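Read through the structure below, which is laid out as structure tokens, and then see the notes.
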Amino acid sequence: MITMQDVCKTYKVSKRDAGFSSAFKALFHKEYELIHALDGVSFTIRDGEMVGYIGPNGAGKSSTIKILSGILTPEEGTCLIDGLTPWKNRIEHVKNIGVVFGQRTQLWWDVPVLDSFELLKEIYRIDAHAYRRNLEQLTDMLGLSGLLQTPTRQLSLGQRMRCEIAASLLHDPKILFLDEPTIGLDAVSKLAVRDFILRLNAEKKTTVILTTHDMQDIEALTSRIILIGRGHILLDGNLTDIKEGFASTDEGLASFYQSHNL
Amino acid sequence: MKLYGKFFMIHLKSIMQYKTSFLLSCLGQFLVSFNLFLGIYFMFRRFSQVEGFTYSEVLLCCGITLLEFSLAEAFARGFDTFGSIVSRGEFDRILVRPRNEIFQVLGSRIELSRIGRVLQAIVMFIYGIRASHIHWTLTKAAAVALMLLGGAVVFSGFFVIYASICFFTIEGLEFMNIFTDGAREYGKYPVSIYGKKVLQLCTFVIPYALIQYYPLLYLLDTGEAYYALLPLAACLFMLPCLVLWKIGVRHYVSSGS
């Protein structure tokens, strides 16, 4: 169970005009602008639910994921995940979650994937039996056999993403955060990743929270969407709420963004 | 400890992928440090001693300081290059893993090419020992071990301070080099030659003298016996550094993605 209540997160962003003279001025006096990345965000997600978290660029999606996974500390608000506050009980909390950042790798670049997995086994203190079982299962479900002996840098993006997902699930987390897991993937890899997430949710009852810009991901995976814009939750409901009356979800979403001036 | 072994193996395996590059950077490290030695050598061609320290004694001092610094650089490299860890989002990854973040930062960068510098330091060290006619005992060997430990901790402390500042700003961090690279350069001579004021500063504020000058006096039989234990006191320097680090982690704002 995940509950977030009135969470606010503000960033201080220094700003200056382009050009040398303003760069010089900025040396002595800096102007800051406060960006309200999250402004009173509240929602509840039940165990085993699969939720699409969407919104335009800079809406606060990543900030929310980072707060939920214990990376960032918000200024205000409460957040409880299975009874733990992520930024206060970080170590206890992160044992139960898996995080995939689509744009960044967590695998060691120059060594075979399996070496990275072995290190993760040590980091998460996974016992040998559970590790072998999970590895077999994930290898099977994600089609990793043949990839595990390859150094990460030689994998294609699609292959790497499948390994990333496996790496985040070796320790059997109850909650999986996926931050744009299909970004840049070809059609085959996208489908493979989607199928896997569906199976994972069905078989292991893993709670999945997914951020993406790909509406097909959302259509394929989730019934519930939470839509955030400028730090506010604008919609917590069904995909049909947006799609209704439009030819495609993308069009519906675009008109929704426009009507809210996003 | 087992986990650290695993981290170490990963770095070792990564390096094996680029053997030539590794060997060349080791050689580079060795030659750069060789400059230090040449500097001292030419200096002593003109003067037979500096503030009462002879050529071989200075070499001994220089070897130890360099060894301390190289150890810190090899094993606390994660803090030394912390800016890049933050900007590449690696620190986010560290925070979503159920281990102490300091330990993970240590494990994320182990700079094995520093072995080149360590070798150079050992050469100078051995030459210094051979030439300085020190009567070696077991306690003196232990004192050297303490110096290496204390020195590595103090230099690592500076890297930790550097890393902590990265949480607040990533500009203007070059001044920290005064304390790290600067200390290595000046550290080739016993601190006392820079005068009494510097010696006091390096005793009570920044504990350089505790890892270098005082234990060196003990090795040369001109200091008190308790001087040998001062490097342990220098380790206390790490405490305020870690406090600063903790404050920094709380202020962490991740980089965008």
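Just remember, in the structure tokens the first chain shown is A, the second B, etc., residues are 1-based per chain, and ligands are 1-based in the order shown.
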| query | Which residues, written as a list in words, have at least one atom at most 9 Å from Met215 in chain A, with only C-alpha atoms counted and residues fewer than 6 positions away on the same chain left out? | reply |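 With the cut-off at 9 Å, the set is Thr249, Asp250 and Leu253 of chain A.
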| message | Using DSSP assignments from the backbone, pull out every residue in range 48-260 of chain A that falls under alpha helix (DSSP H) and give it to me as a count of residues only. | response | 93
| task | Name the residues of range 20-124 of chain A that come out as strand (DSSP E or B) in a backbone DSSP run; write them as a PyMOL selection string. | result | chain A and resi 31-45+50-54+76-81+84+97-101+112
| said: Can you tell me which residues surround Ser189 in chain A at a distance of at most 12 Å, considering only C-alpha atoms, apart from same-chain residues fewer than 6 positions away, and format the answer as a count of residues only? | reply: 15
Closest atom pairs, residues of chain A within 9 Å of chain B, only C-alpha atoms, as a tab-separated table:
residue	atom	partner	partner_atom	distance
A:Tyr11	CA	B:Val253	CA	8.0
A:Ser62	CA	B:Ser257	CA	7.3
A:Ser63	CA	B:Gly256	CA	8.8
A:Lys66	CA	B:Asp92	CA	8.2
A:Ser69	CA	B:Val96	CA	6.4
A:Gly70	CA	B:Val96	CA	6.8
A:Ile71	CA	B:Leu95	CA	5.8
A:Leu72	CA	B:Val253	CA	6.5
A:Thr73	CA	B:Arg250	CA	7.3
A:Arg90	CA	B:Pro98	CA	7.4
A:Ile91	CA	B:Pro98	CA	4.4
A:Glu92	CA	B:Pro98	CA	6.8
A:His93	CA	B:Pro98	CA	7.9
A:Val94	CA	B:Val96	CA	5.5
A:Lys95	CA	B:Pro98	CA	5.6
A:Ile97	CA	B:Val96	CA	8.1
A:Gly98	CA	B:Val96	CA	8.0
A:Val99	CA	B:Val96	CA	7.5
A:Phe101	CA	B:Ser257	CA	8.6
A:Gln103	CA	B:Ser257	CA	7.3
A:Arg104	CA	B:Gly89	CA	7.5
A:Thr105	CA	B:Glu90	CA	8.8
A:Gln106	CA	B:Arg93	CA	7.0
A:Trp108	CA	B:Ile10	CA	8.0
A:Trp109	CA	B:Ser14	CA	8.0
A:Asp110	CA	B:Ser14	CA	5.1
A:Val111	CA	B:Ser14	CA	5.8
A:Asp115	CA	B:Ile10	CA	7.3
A:Ser116	CA	B:Ile10	CA	8.0
A:Glu118	CA	B:Lys6	CA	8.4
A:Leu119	CA	B:Lys6	CA	6.2
A:Glu122	CA	B:Leu3	CA	5.9
A:Ile123	CA	B:Leu3	CA	6.7
A:Tyr124	CA	B:Pro98	CA	6.4
Kindly assemble as a tab-separated table a list of the range 229-255 of chain B residues that lie within 9 Å of range 207-216 of chain B, each paired with its nearest atom pair and their distance in Å to one decimal, using only C-alpha atoms, sorted first by chain and then by ascending residue number.
residue	atom	partner	partner_atom	distance
B:Leu229	CA	B:Pro215	CA	7.6
B:Leu230	CA	B:Leu210	CA	5.4
B:Pro231	CA	B:Ile211	CA	4.9
B:Leu232	CA	B:Leu210	CA	8.5
B:Ala233	CA	B:Leu210	CA	7.6
B:Ala234	CA	B:Pro207	CA	5.6
B:Cys235	CA	B:Pro207	CA	8.7
B:Phe237	CA	B:Pro207	CA	7.3
| request: Determine, counting only C-alpha atoms, which protein, DNA and RNA residues have an atom within 12 Å of an atom of Thr137 in chain B; residues of the same chain fewer than 4 positions away are not included. Present the result as a PyMOL selection string. | output: chain B and resi 141-144+218-221
Kindly save the residues from that selection, with all heavy atoms included, as a compact mmCIF listing (two decimals), in the first residue's frame.
# COMPACT_ATOMS: atom_id res chain seq x y z
N ALA B 141 58.20 -0.25 12.75
CA ALA B 141 57.44 -0.73 11.60
C ALA B 141 55.95 -0.49 11.83
O ALA B 141 55.23 -0.05 10.93
CB ALA B 141 57.70 -2.21 11.38
N ALA B 142 55.51 -0.73 13.08
CA ALA B 142 54.11 -0.50 13.41
C ALA B 142 53.77 0.99 13.27
O ALA B 142 52.69 1.35 12.81
CB ALA B 142 53.81 -0.97 14.83
N ALA B 143 54.74 1.84 13.65
CA ALA B 143 54.51 3.28 13.54
C ALA B 143 54.31 3.68 12.08
O ALA B 143 53.44 4.50 11.77
CB ALA B 143 55.69 4.05 14.14
N VAL B 144 55.10 3.07 11.19
CA VAL B 144 54.93 3.36 9.76
C VAL B 144 53.54 2.94 9.30
O VAL B 144 52.85 3.66 8.58
CB VAL B 144 56.01 2.66 8.92
CG1 VAL B 144 55.71 2.79 7.44
CG2 VAL B 144 57.38 3.26 9.22
N TYR B 218 59.74 10.40 15.48
CA TYR B 218 59.86 9.16 16.25
C TYR B 218 60.72 8.15 15.51
O TYR B 218 61.61 7.53 16.10
CB TYR B 218 58.46 8.58 16.52
CG TYR B 218 58.51 7.21 17.11
CD1 TYR B 218 58.83 7.02 18.46
CD2 TYR B 218 58.27 6.07 16.32
CE1 TYR B 218 58.90 5.76 19.00
CE2 TYR B 218 58.34 4.81 16.85
CZ TYR B 218 58.66 4.66 18.20
OH TYR B 218 58.74 3.40 18.72
N LEU B 219 60.49 8.04 14.22
CA LEU B 219 61.27 7.08 13.43
C LEU B 219 62.76 7.43 13.47
O LEU B 219 63.62 6.56 13.46
CB LEU B 219 60.82 7.08 11.97
CG LEU B 219 59.44 6.52 11.66
CD1 LEU B 219 59.20 6.53 10.16
CD2 LEU B 219 59.28 5.12 12.20
N LEU B 220 63.04 8.75 13.51
CA LEU B 220 64.43 9.19 13.47
C LEU B 220 65.05 9.28 14.86
O LEU B 220 66.12 9.85 15.03
CB LEU B 220 64.53 10.56 12.78
CG LEU B 220 63.99 10.60 11.34
CD1 LEU B 220 64.01 12.01 10.81
CD2 LEU B 220 64.78 9.66 10.46
N ASP B 221 64.33 8.76 15.85
CA ASP B 221 64.81 8.74 17.24
C ASP B 221 65.01 10.12 17.82
O ASP B 221 65.83 10.31 18.72
CB ASP B 221 66.12 7.95 17.35
CG ASP B 221 65.89 6.48 17.12
OD1 ASP B 221 64.91 5.95 17.69
OD2 ASP B 221 66.65 5.87 16.34
| query | Which neighbours of Leu236 in chain B fall inside 10 Å, counting only C-alpha atoms, when residues of the same chain fewer than 5 positions from it are skipped, and could you give them as a PyMOL selection string? | reply | chain B and resi 150+153-154+157+207+231+241
Could those selected residues go to a file with C-alpha atoms, as a short mmCIF file (atom, residue, chain, number, x, y, z; two decimals), in the first residue's frame?
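Now in again-v5.cif:
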data_model
loop_
_atom_site.label_atom_id
_atom_site.label_comp_id
_atom_site.auth_asym_id
_atom_site.auth_seq_id
_atom_site.Cartn_x
_atom_site.Cartn_y
_atom_site.Cartn_z
CA GLY B 150 46.22 7.84 9.49
CA VAL B 153 42.21 8.59 6.43
CA VAL B 154 43.15 12.29 6.55
CA GLY B 157 38.65 13.11 4.79
CA PRO B 207 46.22 17.29 11.06
CA PRO B 231 48.30 9.27 13.42
CA CYS B 241 34.00 15.32 7.53
#
| From A:Ser223, A:Asn89, A:Gln5, A:Gln137, residue lying nearest Arg199 in chain A [only C-alpha atoms] |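 Looking at the shortest contact to Arg199 in chain A, the residue is A:Gln137.
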| message | Measuring between only C-alpha atoms, which one of A:Arg153, A:His260, A:His232, A:Lys243 shows the shortest distance to Leu38 in chain A? | response |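 Looking only at the distances to Leu38 in chain A, the closest residue turns out to be A:His232.
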